[in-house]
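Coordinates as given in data-v6.pdb (PDB, C-alpha atoms):
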```pdb
ATOM      1  CA  MET Z   1      29.998-245.796 164.905
ATOM      2  CA  ALA Z   2      26.837-246.503 166.903
ATOM      3  CA  ARG Z   3      26.585-245.284 170.470
ATOM      4  CA  PRO Z   4      26.675-248.036 173.073
ATOM      5  CA  ALA Z   5      23.317-248.805 174.653
ATOM      6  CA  LYS Z   6      22.824-246.973 177.937
ATOM      7  CA  PHE Z   7      20.559-249.677 179.370
ATOM      8  CA  ASP Z   8      21.128-253.401 179.009
ATOM      9  CA  GLU Z   9      18.402-256.032 178.787
ATOM     10  CA  ASP Z  10      18.499-256.887 182.494
ATOM     11  CA  GLN Z  11      18.123-253.232 183.494
ATOM     12  CA  ILE Z  12      15.076-252.928 181.256
ATOM     13  CA  LEU Z  13      13.618-256.181 182.608
ATOM     14  CA  ASP Z  14      14.302-255.082 186.204
ATOM     15  CA  ALA Z  15      12.368-251.882 185.500
ATOM     16  CA  ALA Z  16       9.530-253.906 183.958
ATOM     17  CA  LEU Z  17       9.408-256.164 187.042
ATOM     18  CA  ALA Z  18       9.276-253.123 189.338
ATOM     19  CA  LEU Z  19       6.446-251.720 187.251
ATOM     20  CA  PHE Z  20       4.641-255.093 187.260
ATOM     21  CA  ALA Z  21       4.742-255.055 191.074
ATOM     22  CA  ARG Z  22       2.723-251.822 191.021
ATOM     23  CA  GLY Z  23       0.404-252.368 188.071
ATOM     24  CA  PRO Z  24       0.324-252.708 184.287
ATOM     25  CA  VAL Z  25       3.552-252.821 182.304
ATOM     26  CA  THR Z  26       3.915-250.601 179.249
ATOM     27  CA  ALA Z  27       6.998-249.727 177.240
ATOM     28  CA  SER Z  28       6.534-246.046 178.048
ATOM     29  CA  GLY Z  29       6.148-246.886 181.744
ATOM     30  CA  VAL Z  30       9.353-248.936 181.672
ATOM     31  CA  ALA Z  31      11.136-246.053 179.960
ATOM     32  CA  ARG Z  32       9.902-243.653 182.682
ATOM     33  CA  GLU Z  33      11.044-246.136 185.348
ATOM     34  CA  LEU Z  34      14.507-246.115 183.759
ATOM     35  CA  GLY Z  35      14.563-242.386 183.084
ATOM     36  CA  ALA Z  36      15.121-243.154 179.407
ATOM     37  CA  PRO Z  37      13.383-242.451 176.109
ATOM     38  CA  SER Z  38      10.846-245.057 174.944
ATOM     39  CA  GLY Z  39      13.156-245.860 172.068
ATOM     40  CA  SER Z  40      15.565-247.484 174.551
ATOM     41  CA  VAL Z  41      12.922-250.093 175.327
ATOM     42  CA  TYR Z  42      11.722-250.553 171.752
ATOM     43  CA  TYR Z  43      15.321-250.912 170.570
ATOM     44  CA  ARG Z  44      15.537-254.183 172.523
ATOM     45  CA  PHE Z  45      11.891-255.301 172.525
ATOM     46  CA  ALA Z  46       9.638-254.878 169.492
ATOM     47  CA  SER Z  47       6.442-254.834 171.538
ATOM     48  CA  ARG Z  48       4.972-254.959 175.029
ATOM     49  CA  ALA Z  49       4.205-258.671 174.479
ATOM     50  CA  HIS Z  50       7.844-259.311 173.565
ATOM     51  CA  LEU Z  51       9.008-257.405 176.665
ATOM     52  CA  LEU Z  52       6.696-259.376 178.986
ATOM     53  CA  ALA Z  53       7.662-262.680 177.364
ATOM     54  CA  ALA Z  54      11.364-261.926 177.862
ATOM     55  CA  LEU Z  55      10.702-260.971 181.489
ATOM     56  CA  TRP Z  56       8.688-264.152 182.023
ATOM     57  CA  LEU Z  57      11.464-266.303 180.549
ATOM     58  CA  ARG Z  58      14.095-264.667 182.740
ATOM     59  CA  GLU Z  59      12.034-265.264 185.867
ATOM     60  CA  VAL Z  60      11.205-268.863 184.913
ATOM     61  CA  GLN Z  61      14.908-269.511 184.356
ATOM     62  CA  ALA Z  62      15.741-268.110 187.799
ATOM     63  CA  PHE Z  63      12.976-270.169 189.422
ATOM     64  CA  GLN Z  64      13.980-273.386 187.663
ATOM     65  CA  ASP Z  65      17.643-272.870 188.525
ATOM     66  CA  ALA Z  66      16.698-272.422 192.194
ATOM     67  CA  PHE Z  67      14.438-275.500 192.044
ATOM     68  CA  VAL Z  68      17.142-277.687 190.486
ATOM     69  CA  ALA Z  69      19.605-276.452 193.132
ATOM     70  CA  GLN Z  70      17.306-277.999 195.773
ATOM     71  CA  LEU Z  71      17.769-281.486 194.339
ATOM     72  CA  PRO Z  72      20.183-283.766 196.168
ATOM     73  CA  PRO Z  73      23.308-284.719 194.240
ATOM     74  CA  GLY Z  74      23.965-288.075 192.647
ATOM     75  CA  ASP Z  75      21.413-290.817 193.090
ATOM     76  CA  ALA Z  76      20.238-289.844 196.594
ATOM     77  CA  THR Z  77      16.532-290.271 197.248
ATOM     78  CA  VAL Z  78      14.603-287.023 197.135
ATOM     79  CA  ASP Z  79      12.877-285.581 200.208
ATOM     80  CA  VAL Z  80       9.635-285.085 198.279
ATOM     81  CA  PRO Z  81       7.613-283.288 200.980
ATOM     82  CA  GLN Z  82      10.452-280.835 201.609
ATOM     83  CA  LEU Z  83      10.841-280.143 197.898
ATOM     84  CA  ALA Z  84       7.098-279.434 197.565
ATOM     85  CA  ILE Z  85       7.232-277.189 200.633
ATOM     86  CA  TRP Z  86      10.205-275.357 199.104
ATOM     87  CA  LEU Z  87       7.943-274.210 196.273
ATOM     88  CA  VAL Z  88       5.490-272.674 198.762
ATOM     89  CA  GLN Z  89       8.373-271.007 200.587
ATOM     90  CA  TRP Z  90       9.754-269.642 197.301
ATOM     91  CA  VAL Z  91       6.367-268.137 196.427
ATOM     92  CA  ARG Z  92       6.084-266.633 199.903
ATOM     93  CA  ALA Z  93       9.555-265.066 199.519
ATOM     94  CA  HIS Z  94       8.990-263.893 195.902
ATOM     95  CA  PRO Z  95       5.289-263.036 195.508
ATOM     96  CA  VAL Z  96       5.738-260.586 192.622
ATOM     97  CA  ARG Z  97       7.917-262.977 190.648
ATOM     98  CA  ALA Z  98       5.533-265.847 191.382
ATOM     99  CA  ARG Z  99       2.549-263.785 190.200
ATOM    100  CA  LEU Z 100       4.445-262.927 187.035
ATOM    101  CA  LEU Z 101       4.905-266.640 186.317
ATOM    102  CA  LEU Z 102       1.117-266.925 185.946
ATOM    103  CA  LEU Z 103       1.199-264.687 182.834
ATOM    104  CA  HIS Z 104       2.206-267.364 180.340
ATOM    105  CA  ARG Z 105       2.559-271.059 179.732
ATOM    106  CA  ARG Z 106       5.680-272.350 178.028
ATOM    107  CA  GLU Z 107       3.565-273.582 175.143
ATOM    108  CA  ASP Z 108       2.341-270.017 174.550
ATOM    109  CA  LEU Z 109       5.889-268.905 173.898
ATOM    110  CA  ILE Z 110       6.966-272.017 172.007
ATOM    111  CA  GLU Z 111       3.997-272.002 169.629
ATOM    112  CA  GLY Z 112       2.969-268.344 169.771
ATOM    113  CA  PRO Z 113       3.824-265.339 167.637
ATOM    114  CA  PHE Z 114       7.105-264.529 169.358
ATOM    115  CA  PRO Z 115      10.607-264.101 167.949
ATOM    116  CA  THR Z 116      12.475-267.363 167.330
ATOM    117  CA  GLU Z 117      14.973-266.552 170.082
ATOM    118  CA  LEU Z 118      12.191-266.441 172.702
ATOM    119  CA  SER Z 119      10.637-269.665 171.412
ATOM    120  CA  GLN Z 120      14.032-271.376 171.585
ATOM    121  CA  ARG Z 121      14.566-270.164 175.160
ATOM    122  CA  ALA Z 122      11.094-271.428 176.140
ATOM    123  CA  THR Z 123      11.861-274.808 174.550
ATOM    124  CA  ALA Z 124      15.175-275.027 176.426
ATOM    125  CA  LEU Z 125      13.396-274.246 179.714
ATOM    126  CA  ARG Z 126      10.791-276.918 179.009
ATOM    127  CA  ASP Z 127      13.537-279.429 178.265
ATOM    128  CA  GLN Z 128      15.402-278.486 181.461
ATOM    129  CA  LEU Z 129      12.271-279.022 183.566
ATOM    130  CA  ASP Z 130      11.417-282.288 181.804
ATOM    131  CA  ALA Z 131      14.945-283.582 182.495
ATOM    132  CA  ALA Z 132      14.657-282.617 186.173
ATOM    133  CA  MET Z 133      11.293-284.398 186.431
ATOM    134  CA  ARG Z 134      12.726-287.562 184.798
ATOM    135  CA  ASP Z 135      15.669-287.448 187.204
ATOM    136  CA  LEU Z 136      13.318-287.051 190.168
ATOM    137  CA  ALA Z 137      11.109-289.869 188.889
ATOM    138  CA  ALA Z 138      14.122-292.194 188.843
ATOM    139  CA  ARG Z 139      14.997-291.279 192.457
ATOM    140  CA  TRP Z 140      11.446-291.291 193.820
ATOM    141  CA  PRO Z 141      10.981-292.790 197.308
ATOM    142  CA  GLY Z 142       9.903-296.412 197.040
ATOM    143  CA  GLY Z 143      11.129-296.796 193.469
ATOM    144  CA  PRO Z 144      10.739-295.103 190.110
ATOM    145  CA  ALA Z 145       7.604-293.057 189.489
ATOM    146  CA  GLU Z 146       5.875-291.717 186.411
ATOM    147  CA  PRO Z 147       7.072-288.193 185.527
ATOM    148  CA  SER Z 148       3.426-287.065 185.482
ATOM    149  CA  THR Z 149       3.105-288.183 189.123
ATOM    150  CA  VAL Z 150       6.257-286.286 190.025
ATOM    151  CA  GLN Z 151       4.988-283.139 188.335
ATOM    152  CA  PHE Z 152       1.598-283.412 190.057
ATOM    153  CA  VAL Z 153       3.134-283.872 193.504
ATOM    154  CA  LEU Z 154       5.831-281.213 193.150
ATOM    155  CA  THR Z 155       3.979-278.546 191.192
ATOM    156  CA  GLY Z 156       0.272-279.414 191.236
ATOM    157  CA  ILE Z 157      -0.150-279.760 194.984
ATOM    158  CA  PRO Z 158       1.900-276.721 196.045
ATOM    159  CA  GLY Z 159       0.512-274.777 193.090
ATOM    160  CA  ALA Z 160      -3.021-275.392 194.332
ATOM    161  CA  ALA Z 161      -1.988-274.102 197.760
ATOM    162  CA  VAL Z 162      -0.511-270.818 196.500
ATOM    163  CA  ARG Z 163      -2.434-269.942 193.339
ATOM    164  CA  PRO Z 164      -5.537-268.398 195.007
ATOM    165  CA  ALA Z 165      -3.318-266.031 196.996
ATOM    166  CA  LEU Z 166      -1.293-265.101 193.917
ATOM    167  CA  VAL Z 167      -4.347-264.446 191.774
ATOM    168  CA  SER Z 168      -5.930-262.258 194.437
ATOM    169  CA  GLY Z 169      -2.692-260.483 195.389
ATOM    170  CA  ARG Z 170      -2.869-261.696 198.976
ATOM    171  CA  PRO Z 171       0.004-263.291 200.921
ATOM    172  CA  VAL Z 172       0.242-267.068 200.960
ATOM    173  CA  PRO Z 173      -1.798-268.192 203.975
ATOM    174  CA  GLU Z 174      -0.068-269.298 207.132
ATOM    175  CA  GLY Z 175      -0.071-273.055 207.379
ATOM    176  CA  ALA Z 176       0.164-273.618 203.607
ATOM    177  CA  GLU Z 177       3.424-275.515 204.025
ATOM    178  CA  GLU Z 178       1.835-277.948 206.476
ATOM    179  CA  LEU Z 179      -1.157-278.508 204.201
ATOM    180  CA  VAL Z 180       1.184-279.215 201.286
ATOM    181  CA  ARG Z 181       3.250-281.598 203.418
ATOM    182  CA  ARG Z 182       0.126-283.538 204.432
ATOM    183  CA  ALA Z 183      -1.202-283.696 200.875
ATOM    184  CA  VAL Z 184       2.133-284.898 199.517
ATOM    185  CA  MET Z 185       2.467-287.515 202.269
ATOM    186  CA  GLY Z 186      -1.052-288.687 201.434
ATOM    187  CA  VAL Z 187      -0.121-289.224 197.805
ATOM    188  CA  LEU Z 188       3.166-290.905 198.708
ATOM    189  CA  THR Z 189       1.450-293.414 200.994
ATOM    190  CA  LEU Z 190      -1.241-294.399 198.504
ATOM    191  CA  PRO Z 191      -0.840-297.975 197.294
ATOM    192  CA  ALA Z 192       0.420-298.299 193.739
ATOM    193  CA  ALA Z 193      -2.383-298.665 191.190
TER     194      ALA Z 193
END
```

Could you write out this structure as structure tokens?
Amino acid sequence: MARPAKFDEDQILDAALALFARGPVTASGVARELGAPSGSVYYRFASRAHLLAALWLREVQAFQDAFVAQLPPGDATVDVPQLAIWLVQWVRAHPVRARLLLLHRREDLIEGPFPTELSQRATALRDQLDAAMRDLAARWPGGPAEPSTVQFVLTGIPGAAVRPALVSGRPVPEGAEELVRRAVMGVLTLPAA
């Protein structure tokens, strides 16, 4: 009878996230963080790339779940500026997790050389986000909008406000929320093409 695993996947991923906050992530570093042999990490993750992909997927899932929770129920119109500002506030509150999200694109995991289980999880996350964007597009202020417009306003604009800080490891600048609000309001008041 095999011994039960001493560390579960979330414990290993928590250790990897803690290590990521301080510098590079390696399987041996994660094992040291856990106080475990390297085999404990390699038992669950075949490689460093697999470990980082699993961590990325977990954090994307948590972010998307929090984002979807911000959406009003039913067919209520969405407060678009507030939703865009929420993204900036989330990044400000979770800078390490936000920086981690820059490591991959969903397509990398869907099409890349990763185990099928990771590709399937990445596909499910893409589908979840696409469904949320379609739902938002249907409830857009002033009538339905193109999903690409929704994605630009809710991820492109706030993303542009926070990305330089994330890349450089600096805090999100004060006033970023107001800049995002103004930019979003500018797009919302443009006449339809």

Check your understanding: Quick one: which residues end up in the PyMOL selection byres ((chain Z and resi 17-27) around 10) for this structure, as a PyMOL selection string?
Key -> chain Z and resi 11-16+28-33+37-42+45-49+51-52+55-56+59+95-97+99-100

Against segment 122-146 of chain Z, which residues of segment 67-90 of chain Z fall within 9 Å? For each one I want the closest pair of atoms and the distance in Å (one decimal), counting all atoms listed in the file, rows by chain and increasing residue number, as CSV.
```
residue,atom,partner,partner_atom,distance
Z:Val68,CA,Z:Ala132,CA,7.0
Z:Leu71,CA,Z:Leu136,CA,8.3
Z:Asp75,CA,Z:Arg139,CA,6.5
Z:Ala76,CA,Z:Arg139,CA,6.8
Z:Thr77,CA,Z:Arg139,CA,5.1
Z:Val78,CA,Z:Trp140,CA,6.3
Z:Asp79,CA,Z:Pro141,CA,8.0
Z:Val80,CA,Z:Trp140,CA,7.9
```

Review point. Z:Lys6, Z:Arg44, Z:His50, Z:His104: which is nearest Thr116 of chain Z, counting only C-alpha atoms?
Key: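 Nearest to Thr116 of chain Z: Z:His50.
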
**Study point:** Non-local contacts of segment 171-174 of chain Z (10 Å; only C-alpha atoms; under 5 positions in same chain excluded) as a PyMOL selection string
**Key:** chain Z and resi 88-89+91-93+95+161-166+179

Can I get the selection written as a CSV table (one decimal), keeping the file's coordinate frame, with C-alpha atoms?
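After the write, result.csv holds the following:
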```
chain,number,residue,atom,x,y,z
Z,88,VAL,CA,5.5,-272.7,198.8
Z,89,GLN,CA,8.4,-271.0,200.6
Z,91,VAL,CA,6.4,-268.1,196.4
Z,92,ARG,CA,6.1,-266.6,199.9
Z,93,ALA,CA,9.6,-265.1,199.5
Z,95,PRO,CA,5.3,-263.0,195.5
Z,161,ALA,CA,-2.0,-274.1,197.8
Z,162,VAL,CA,-0.5,-270.8,196.5
Z,163,ARG,CA,-2.4,-269.9,193.3
Z,164,PRO,CA,-5.5,-268.4,195.0
Z,165,ALA,CA,-3.3,-266.0,197.0
Z,166,LEU,CA,-1.3,-265.1,193.9
Z,179,LEU,CA,-1.2,-278.5,204.2
```

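In this model, the gap between atom CA of Pro115 of chain Z and atom CA of Ala66 of chain Z comes to 26.3 Å.
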
Practice item. Go ahead and compute the interatomic distance for atom CA of Val153 of chain Z and atom CA of Arg170 of chain Z, in Å to one decimal. Key: 23.6 Å

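The residues returned by the PyMOL selection byres ((chain Z and resi 157) around 10) on the shown structure are Z:Ala84, Z:Ile85, Z:Leu87, Z:Val88, Z:Gln151, Z:Phe152, Z:Val153, Z:Leu154, Z:Thr155, Z:Gly156, Z:Pro158, Z:Gly159, Z:Ala160, Z:Ala161, Z:Val162, Z:Leu179, Z:Val180, Z:Arg181, Z:Ala183, Z:Val184, Z:Val187.
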
Is it possible to add N, CA and C atoms to segment 69-100 of chain Z and hand it back as a PDB file, keeping the file's coordinate frame?
```pdb
ATOM      1  N   ALA Z  69      18.594-276.528 192.073  1.00  0.00           N
ATOM      2  CA  ALA Z  69      19.605-276.452 193.132  1.00  0.00           C
ATOM      3  C   ALA Z  69      19.148-277.132 194.419  1.00  0.00           C
ATOM      4  N   GLN Z  70      17.834-277.327 194.585  1.00  0.00           N
ATOM      5  CA  GLN Z  70      17.306-277.999 195.773  1.00  0.00           C
ATOM      6  C   GLN Z  70      17.453-279.520 195.705  1.00  0.00           C
ATOM      7  N   LEU Z  71      17.711-280.042 194.519  1.00  0.00           N
ATOM      8  CA  LEU Z  71      17.769-281.486 194.339  1.00  0.00           C
ATOM      9  C   LEU Z  71      19.059-282.044 194.931  1.00  0.00           C
ATOM     10  N   PRO Z  72      18.962-283.179 195.611  1.00  0.00           N
ATOM     11  CA  PRO Z  72      20.183-283.766 196.168  1.00  0.00           C
ATOM     12  C   PRO Z  72      21.082-284.280 195.047  1.00  0.00           C
ATOM     13  N   PRO Z  73      22.381-284.279 195.285  1.00  0.00           N
ATOM     14  CA  PRO Z  73      23.308-284.719 194.240  1.00  0.00           C
ATOM     15  C   PRO Z  73      23.277-286.237 194.054  1.00  0.00           C
ATOM     16  N   GLY Z  74      23.803-286.644 192.916  1.00  0.00           N
ATOM     17  CA  GLY Z  74      23.965-288.075 192.647  1.00  0.00           C
ATOM     18  C   GLY Z  74      22.645-288.802 192.557  1.00  0.00           C
ATOM     19  N   ASP Z  75      22.618-289.987 193.159  1.00  0.00           N
ATOM     20  CA  ASP Z  75      21.413-290.817 193.090  1.00  0.00           C
ATOM     21  C   ASP Z  75      20.678-290.868 194.422  1.00  0.00           C
ATOM     22  N   ALA Z  76      20.915-289.885 195.292  1.00  0.00           N
ATOM     23  CA  ALA Z  76      20.238-289.844 196.594  1.00  0.00           C
ATOM     24  C   ALA Z  76      18.734-289.719 196.399  1.00  0.00           C
ATOM     25  N   THR Z  77      17.988-290.366 197.286  1.00  0.00           N
ATOM     26  CA  THR Z  77      16.532-290.271 197.248  1.00  0.00           C
ATOM     27  C   THR Z  77      16.117-288.849 197.606  1.00  0.00           C
ATOM     28  N   VAL Z  78      15.078-288.392 196.964  1.00  0.00           N
ATOM     29  CA  VAL Z  78      14.603-287.023 197.135  1.00  0.00           C
ATOM     30  C   VAL Z  78      13.666-286.932 198.337  1.00  0.00           C
ATOM     31  N   ASP Z  79      13.822-285.874 199.133  1.00  0.00           N
ATOM     32  CA  ASP Z  79      12.877-285.581 200.208  1.00  0.00           C
ATOM     33  C   ASP Z  79      11.701-284.850 199.558  1.00  0.00           C
ATOM     34  N   VAL Z  80      10.736-285.625 199.083  1.00  0.00           N
ATOM     35  CA  VAL Z  80       9.635-285.085 198.279  1.00  0.00           C
ATOM     36  C   VAL Z  80       8.822-284.040 199.044  1.00  0.00           C
ATOM     37  N   PRO Z  81       8.392-284.327 200.281  1.00  0.00           N
ATOM     38  CA  PRO Z  81       7.613-283.288 200.980  1.00  0.00           C
ATOM     39  C   PRO Z  81       8.386-281.976 201.120  1.00  0.00           C
ATOM     40  N   GLN Z  82       9.673-282.058 201.435  1.00  0.00           N
ATOM     41  CA  GLN Z  82      10.452-280.835 201.609  1.00  0.00           C
ATOM     42  C   GLN Z  82      10.588-280.078 200.292  1.00  0.00           C
ATOM     43  N   LEU Z  83      10.730-280.800 199.196  1.00  0.00           N
ATOM     44  CA  LEU Z  83      10.841-280.143 197.898  1.00  0.00           C
ATOM     45  C   LEU Z  83       9.530-279.434 197.529  1.00  0.00           C
ATOM     46  N   ALA Z  84       8.397-280.069 197.828  1.00  0.00           N
ATOM     47  CA  ALA Z  84       7.098-279.434 197.565  1.00  0.00           C
ATOM     48  C   ALA Z  84       6.908-278.208 198.462  1.00  0.00           C
ATOM     49  N   ILE Z  85       7.330-278.321 199.702  1.00  0.00           N
ATOM     50  CA  ILE Z  85       7.232-277.189 200.633  1.00  0.00           C
ATOM     51  C   ILE Z  85       8.139-276.051 200.177  1.00  0.00           C
ATOM     52  N   TRP Z  86       9.287-276.393 199.601  1.00  0.00           N
ATOM     53  CA  TRP Z  86      10.205-275.357 199.104  1.00  0.00           C
ATOM     54  C   TRP Z  86       9.487-274.450 198.113  1.00  0.00           C
ATOM     55  N   LEU Z  87       8.656-275.020 197.254  1.00  0.00           N
ATOM     56  CA  LEU Z  87       7.943-274.210 196.273  1.00  0.00           C
ATOM     57  C   LEU Z  87       7.044-273.185 196.969  1.00  0.00           C
ATOM     58  N   VAL Z  88       6.341-273.606 198.004  1.00  0.00           N
ATOM     59  CA  VAL Z  88       5.490-272.674 198.762  1.00  0.00           C
ATOM     60  C   VAL Z  88       6.354-271.584 199.400  1.00  0.00           C
ATOM     61  N   GLN Z  89       7.479-271.983 199.954  1.00  0.00           N
ATOM     62  CA  GLN Z  89       8.373-271.007 200.587  1.00  0.00           C
ATOM     63  C   GLN Z  89       8.942-270.025 199.558  1.00  0.00           C
ATOM     64  N   TRP Z  90       9.244-270.528 198.356  1.00  0.00           N
ATOM     65  CA  TRP Z  90       9.754-269.642 197.301  1.00  0.00           C
ATOM     66  C   TRP Z  90       8.691-268.613 196.924  1.00  0.00           C
ATOM     67  N   VAL Z  91       7.462-269.058 196.766  1.00  0.00           N
ATOM     68  CA  VAL Z  91       6.367-268.137 196.427  1.00  0.00           C
ATOM     69  C   VAL Z  91       6.182-267.111 197.535  1.00  0.00           C
ATOM     70  N   ARG Z  92       6.241-267.553 198.771  1.00  0.00           N
ATOM     71  CA  ARG Z  92       6.084-266.633 199.903  1.00  0.00           C
ATOM     72  C   ARG Z  92       7.202-265.576 199.890  1.00  0.00           C
ATOM     73  N   ALA Z  93       8.414-265.983 199.535  1.00  0.00           N
ATOM     74  CA  ALA Z  93       9.555-265.066 199.519  1.00  0.00           C
ATOM     75  C   ALA Z  93       9.586-264.178 198.273  1.00  0.00           C
ATOM     76  N   HIS Z  94       8.933-264.620 197.182  1.00  0.00           N
ATOM     77  CA  HIS Z  94       8.990-263.893 195.902  1.00  0.00           C
ATOM     78  C   HIS Z  94       7.588-263.741 195.301  1.00  0.00           C
ATOM     79  N   PRO Z  95       6.667-263.079 196.001  1.00  0.00           N
ATOM     80  CA  PRO Z  95       5.289-263.036 195.508  1.00  0.00           C
ATOM     81  C   PRO Z  95       5.119-262.331 194.162  1.00  0.00           C
ATOM     82  N   VAL Z  96       5.878-261.293 193.899  1.00  0.00           N
ATOM     83  CA  VAL Z  96       5.738-260.586 192.622  1.00  0.00           C
ATOM     84  C   VAL Z  96       6.233-261.478 191.491  1.00  0.00           C
ATOM     85  N   ARG Z  97       7.384-262.087 191.676  1.00  0.00           N
ATOM     86  CA  ARG Z  97       7.917-262.977 190.648  1.00  0.00           C
ATOM     87  C   ARG Z  97       6.976-264.165 190.428  1.00  0.00           C
ATOM     88  N   ALA Z  98       6.451-264.707 191.502  1.00  0.00           N
ATOM     89  CA  ALA Z  98       5.533-265.847 191.382  1.00  0.00           C
ATOM     90  C   ALA Z  98       4.270-265.440 190.623  1.00  0.00           C
ATOM     91  N   ARG Z  99       3.743-264.264 190.909  1.00  0.00           N
ATOM     92  CA  ARG Z  99       2.549-263.785 190.200  1.00  0.00           C
ATOM     93  C   ARG Z  99       2.848-263.581 188.717  1.00  0.00           C
ATOM     94  N   LEU Z 100       4.031-263.104 188.422  1.00  0.00           N
ATOM     95  CA  LEU Z 100       4.445-262.927 187.035  1.00  0.00           C
ATOM     96  C   LEU Z 100       4.450-264.262 186.280  1.00  0.00           C
TER      97      LEU Z 100
END
```
